[in-house]
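J.: Quick one: the structure is below, questions incoming.
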Amino acid sequence: MPRSIPLENIRNIAFIAHIDAGKTTVTERILYYTGRTYKVGEVHEGTAVMDWMDEEKERGITITAAATSCDWQDHRINIIDTPGHVDFTAEVERSLRVLDGGVVVFDAVAGVEAQSETVWRQADSYHVPRICFINKMDRVGADFHRTISMIEERLQAKPLPIQLPLGSEETYYGVIDLVENRAWSFDGGLGSDPVEAEIPESDQGRCAEARQGLIDKLAEADDEILVTYLDGQSIGPAELKEALRRVTLADKGVPILCGSSLKNKGMQPLLNAVIDYLPSPLDKPAVKATDIRGTEVVRLVDDEEPFTALAFKVVSDPFVGRLVYFRVYSGEVEAGAQVYNASRDKKERIGRLLLMHANRREEVGEADTGAIVATLGLKNTFTGETLCHPAKPVLLERIRFPEPVLSVAIEPKTSLDQDRMGEALQKLTEEDPTFKVKYNQETGQTVVSGMGELHLEVIVNRMRSEFKVGAKVGRPRVAFKETITTAVQAEGRFVRQSGGHGQYGHVWLELEPGELNSGLTFTNKIRGTAIPRQFIPAIEAGVKEAMGTGVLANYPLVDINVSLYDGSSHDVDSSELAFKMAGSMALKAGVAKAKPIILEPIMKVEVVTPEQFLGDIIGDLNSRRAHIETIEAHGDMSTIHTLVPLAE
């Protein structure tokens, strides 16, 4: 079946930013201007289309990444609006993994904030080209040039301003387009188009200077512009656009735009920039995967290639059931088709295929390359797993999520809530990879862990409202961890004789400190038959079990590389249980010798305060074991950048 929209006309993008920079407001305006919605939703009124959950409407924040799509100038733009709170960082992580480009929204008053840095680093790790939109230009204290300086200094980026603001703060009324070399004014009316205007005489000097600065920066990053520049030829708007696109896709520069989404200013130029500068699926490298033999294979971005997709989100919808969102990297799939889950070695059948618009659905017959869709019917597919053609199985790289940092004990209010709570927690853990549930055998408590107090509070409130489960919640506890600092070798012997058939397991392990967030890495280095192969999984299972409890304060062990390099077995007495115990004993003994330390979560904190309170706040931070990195002064306000233990 021929494509309805050519691949080069598709844009898969995310809006990412710090809290309250205006991501959802920008998204709502874009949906209105592209004709996707006919009434503008407002975050502060609880009517935003993209913030559809009850919790989001009540709090006025985005909690879960919402997907939608719209059309602009014969292009299809698939959008994911992501949360800004650090507690919901998993939503940003999984969105950036499957998207091709990003729009980073900044508050023109605050500039680059703490979470702006986090999402920028996440985009860097996935090599996502991006453009920046400096929002809230109409607010008192808005400073376009200061925000650009902060992008350059704090994010180590190369900003390429392609617009200059006309007016400032409450008199902000338009932009100068440096590419086209003309001015646009916005009257602020909902749905009104920008009006072309003459560049004011007072701004012509700074406009010429800024345009020349843009060309100079492009010449540094792009050879074609450099040749034209050195030849002394004039550079027209079309050449500038092509150069900006090349530089953006190569991640050598970031186009900067400005506006005020709440006042409907700057939306159409932003949409044009998404189409002009952000990549289509064809502009991204071919997807690398591994086949069943572990050999690297490449899937081209083409409908004719075998079907390959990555599931990036699971949602329990109260009306239609379990929805699995996936991004198609190659090939196409029809509703009702059989697919292969390479991560779990299971065949699944695709049910209905749905194009999502926040919490509303539009049924489609097939999904082709570059599409982001949701499906019903996948019972055994979870976040980060690969779906592919049953005859051409491949495995894509999984999405990595941070470990939880805060835990609370939770128990049902009544016996009626007991069974419902188990079902609710299971569905919530399927949805959120950073939400973990563990039953503590010693205390008999169910302990839930998440990324922060807000994260756990939202989870508990969702249990009450969506799953109708009453629950009592204990005090939050910080999730400390233990690790080792030196390499050691350790022996584990488990020998029991009680007459007749005994138990015999004997292993030698080498323990080394692992990389940050690597967890446990187990390697079998045994050559020969010192330990029969069938006992190796049991040794690994014993090591994994022992990682659950450290030696200093019984906190879980993390980031250890374990190598099994020697041992012995008995023809009659050796068993899986014996080797499991030996593996566990060897790890415990090794960790005790390897100079173990306790790790605690450290939070990056920014405090903005009037100068007269600076001394008191620094004193308070010092009493909380804070490490103050820098203090910046902006007029009569100061910003303290500090690292503080979460326990404080």
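Ordering of the structure tokens sets the chain letters (A, B, ...); residue numbers start at 1 within each chain; ligands are numbered from 1 in the order shown.
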So that I can check the surroundings of Phe435 of chain A, please list as a PyMOL selection string every protein, DNA and RNA residue that reaches within 12 Å of it, counting only C-alpha atoms and ignoring chain neighbours fewer than 3 positions away.
T.: chain A and resi 87-91+401-408+425-432+438+447-453+455-460
J.: With C-alpha atoms retained, write the just-selected residues as a PDB file, in the first residue's frame.
T.:
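Result file result_35.pdb:
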ATOM      1  CA  ASP A  87      10.841  12.765  39.316  1.00  0.00           C
ATOM      2  CA  PHE A  88       9.436  11.861  35.890  1.00  0.00           C
ATOM      3  CA  THR A  89      12.763  11.767  34.060  1.00  0.00           C
ATOM      4  CA  ALA A  90      11.974   8.271  32.700  1.00  0.00           C
ATOM      5  CA  GLU A  91       9.306   9.822  30.464  1.00  0.00           C
ATOM      6  CA  PHE A 401      16.532   3.995  33.115  1.00  0.00           C
ATOM      7  CA  PRO A 402      17.953   5.461  36.338  1.00  0.00           C
ATOM      8  CA  GLU A 403      17.607   3.536  39.591  1.00  0.00           C
ATOM      9  CA  PRO A 404      14.963   4.696  42.148  1.00  0.00           C
ATOM     10  CA  VAL A 405      16.245   6.925  44.957  1.00  0.00           C
ATOM     11  CA  LEU A 406      13.377   6.990  47.497  1.00  0.00           C
ATOM     12  CA  SER A 407      11.300   4.232  49.110  1.00  0.00           C
ATOM     13  CA  VAL A 408       8.125   4.097  51.214  1.00  0.00           C
ATOM     14  CA  LEU A 425       0.969  -2.122  41.659  1.00  0.00           C
ATOM     15  CA  GLN A 426       1.627  -4.626  38.871  1.00  0.00           C
ATOM     16  CA  LYS A 427      -0.017  -2.360  36.271  1.00  0.00           C
ATOM     17  CA  LEU A 428       1.829   0.718  37.568  1.00  0.00           C
ATOM     18  CA  THR A 429       5.230  -1.039  37.437  1.00  0.00           C
ATOM     19  CA  GLU A 430       4.485  -2.087  33.844  1.00  0.00           C
ATOM     20  CA  GLU A 431       3.802   1.554  32.968  1.00  0.00           C
ATOM     21  CA  ASP A 432       6.756   3.117  34.802  1.00  0.00           C
ATOM     22  CA  LYS A 438       9.559  -5.243  46.619  1.00  0.00           C
ATOM     23  CA  VAL A 447       8.103  -1.375  49.827  1.00  0.00           C
ATOM     24  CA  VAL A 448       7.657   0.821  46.736  1.00  0.00           C
ATOM     25  CA  SER A 449      10.525   2.865  45.299  1.00  0.00           C
ATOM     26  CA  GLY A 450      10.559   5.821  42.920  1.00  0.00           C
ATOM     27  CA  MET A 451      12.453   8.900  41.779  1.00  0.00           C
ATOM     28  CA  GLY A 452      11.230  11.269  44.507  1.00  0.00           C
ATOM     29  CA  GLU A 453       8.435  12.221  46.889  1.00  0.00           C
ATOM     30  CA  HIS A 455       6.659  10.597  42.013  1.00  0.00           C
ATOM     31  CA  LEU A 456       5.516   8.321  44.869  1.00  0.00           C
ATOM     32  CA  GLU A 457       2.741  10.707  45.906  1.00  0.00           C
ATOM     33  CA  VAL A 458       1.348  10.686  42.344  1.00  0.00           C
ATOM     34  CA  ILE A 459       1.535   6.863  42.224  1.00  0.00           C
ATOM     35  CA  VAL A 460      -0.390   6.512  45.518  1.00  0.00           C
TER      36      VAL A 460
END
J.: Applying 12 Å and only C-alpha atoms, which residues near Ser149 of chain A remain after dropping the ones on its own chain fewer than 6 positions away? List them as a count of residues only.
T.: 12
J.: Using only C-alpha atoms, pick whichever of A:Leu552, A:Ala183, A:Val301, A:Val364 has the shortest atom-to-atom distance to Lys593 of chain A.
T.: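 Going through A:Leu552, A:Ala183, A:Val301, A:Val364 one by one, the smallest distance to Lys593 of chain A is for A:Leu552.
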J.: I need the residues of segment 423-522 of chain A that end up classed as strand (DSSP E) by DSSP on the backbone, written out as a count of residues only.
T.: 42
J.: Could you name the residues that touch Met356 of chain A at 7 Å or less, counting only C-alpha atoms, but leaving out those on the same chain fewer than 5 positions away, as a list in words?
T.: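 Listed by chain and then number, they are Ala67, Thr68, Arg361, Glu362, Val373 and Ala374 of chain A.
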J.: Would you mind exporting C-alpha atoms of the selected residues as an mmCIF file, in the first residue's frame?
T.:
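To be explicit, this is the file written out as part.cif:
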data_model
loop_
_atom_site.group_PDB
_atom_site.id
_atom_site.type_symbol
_atom_site.label_atom_id
_atom_site.label_comp_id
_atom_site.auth_asym_id
_atom_site.auth_seq_id
_atom_site.Cartn_x
_atom_site.Cartn_y
_atom_site.Cartn_z
ATOM 1 C CA ALA A 67 1.761 11.669 22.174
ATOM 2 C CA THR A 68 -0.118 13.419 19.380
ATOM 3 C CA ARG A 361 -7.588 7.405 19.795
ATOM 4 C CA GLU A 362 -7.866 7.175 16.027
ATOM 5 C CA VAL A 373 1.490 4.237 17.190
ATOM 6 C CA ALA A 374 -0.131 2.331 20.029
#
J.: A:Val128, A:Val339, A:Ile597, A:Met137: which is nearest Pro279 of chain A, counting only C-alpha atoms?
T.: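 Using only C-alpha atoms, Pro279 of chain A sits closest to A:Val128.
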J.: Using only C-alpha atoms, find the one residue out of A:Ala367, A:Ile539, A:Val104, A:Ala409 that sits nearest to Asp303 of chain A.
T.: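 Going through A:Ala367, A:Ile539, A:Val104, A:Ala409 one by one, the smallest distance to Asp303 of chain A is for A:Ala367.
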J.: Pick out the closest residue to Glu239 of chain A from this set: A:Ile399, A:Val179, A:Ile292, A:Ala197. Count only C-alpha atoms.
T.: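 Counting only C-alpha atoms, the residue closest to Glu239 of chain A is A:Val179.
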J.: Show which residues sit within 10 Å of Arg527 of chain A, as a list of chain:residue names. Count only C-alpha atoms, and ignore same-chain residues fewer than 4 positions away.
T.: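 Within the cut-off, the hits are A:Ile531, A:Tyr565, A:Asp566.
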J.: Can you pull out every residue within 9 Å of segment 628-642 of chain A, counting only C-alpha atoms, but drop anything in the same chain fewer than 5 positions away, and send it as a list of chain:residue names?
T.: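 Non-adjacent residues within range: A:Ala114, A:Met603, A:Lys604, A:Val605, A:Glu606, A:Val607, A:Val608, A:Thr609, A:Pro610, A:Glu611, A:Gln612, A:Leu614, A:Ile618, A:Leu621, A:Asn622.
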J.: Got a sec: who's within 8 Å of Ala311 of chain A, counting only C-alpha atoms, leaving out chain neighbours fewer than 4 positions off, as a PyMOL selection string?
T.: chain A and resi 324-327+381-387
J.: The selected residues should be written to file as an mmCIF file, in the first residue's frame (atoms: N, CA and C atoms).
T.:
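As written to disk, result_18.cif reads:
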data_model
loop_
_atom_site.group_PDB
_atom_site.id
_atom_site.type_symbol
_atom_site.label_atom_id
_atom_site.label_comp_id
_atom_site.auth_asym_id
_atom_site.auth_seq_id
_atom_site.Cartn_x
_atom_site.Cartn_y
_atom_site.Cartn_z
ATOM 1 N N VAL A 324 0.244 -0.588 24.204
ATOM 2 C CA VAL A 324 1.706 -0.570 24.067
ATOM 3 C C VAL A 324 2.050 0.392 22.933
ATOM 4 N N TYR A 325 2.829 1.437 23.261
ATOM 5 C CA TYR A 325 3.281 2.399 22.246
ATOM 6 C C TYR A 325 4.572 1.876 21.628
ATOM 7 N N PHE A 326 4.697 1.981 20.302
ATOM 8 C CA PHE A 326 5.969 1.602 19.686
ATOM 9 C C PHE A 326 6.306 2.510 18.513
ATOM 10 N N ARG A 327 7.619 2.592 18.232
ATOM 11 C CA ARG A 327 8.132 3.368 17.103
ATOM 12 C C ARG A 327 8.615 2.385 16.041
ATOM 13 N N THR A 381 4.598 -7.817 26.158
ATOM 14 C CA THR A 381 5.595 -6.846 25.693
ATOM 15 C C THR A 381 5.662 -5.679 26.673
ATOM 16 N N PHE A 382 6.897 -5.323 27.048
ATOM 17 C CA PHE A 382 7.102 -4.279 28.041
ATOM 18 C C PHE A 382 8.034 -3.202 27.482
ATOM 19 N N THR A 383 8.206 -2.135 28.260
ATOM 20 C CA THR A 383 9.026 -0.996 27.827
ATOM 21 C C THR A 383 10.444 -1.427 27.457
ATOM 22 N N GLY A 384 10.916 -0.931 26.297
ATOM 23 C CA GLY A 384 12.300 -1.177 25.874
ATOM 24 C C GLY A 384 12.505 -2.456 25.100
ATOM 25 N N GLU A 385 11.411 -3.185 24.791
ATOM 26 C CA GLU A 385 11.561 -4.469 24.103
ATOM 27 C C GLU A 385 11.371 -4.314 22.593
ATOM 28 N N THR A 386 11.991 -5.240 21.850
ATOM 29 C CA THR A 386 12.015 -5.170 20.389
ATOM 30 C C THR A 386 10.912 -6.031 19.790
ATOM 31 N N LEU A 387 10.157 -5.446 18.859
ATOM 32 C CA LEU A 387 9.176 -6.189 18.067
ATOM 33 C C LEU A 387 9.699 -6.264 16.636
#
J.: Rounded to one decimal place, report the atom CA of Phe494 of chain A-atom CA of Ala578 of chain A distance in Å.
T.: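 One can read the atom CA of Phe494 of chain A to atom CA of Ala578 of chain A distance as 6.0 Å.
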J.: Got a sec: who's within 10 Å of segment 369-372 of chain A, counting only C-alpha atoms, leaving out chain neighbours fewer than 2 positions off, as a ChimeraX atom specification?
T.: /A:3,7-8,10-12,67-69,76,78-80,98-100,280-282,300-305,307-312,325-333,354-356,366-367,374
J.: I'd like to know which of A:Cys70, A:Leu395, A:Ala592, A:Val495 is closest to Arg299 of chain A, using only C-alpha atoms.
T.: A:Leu395
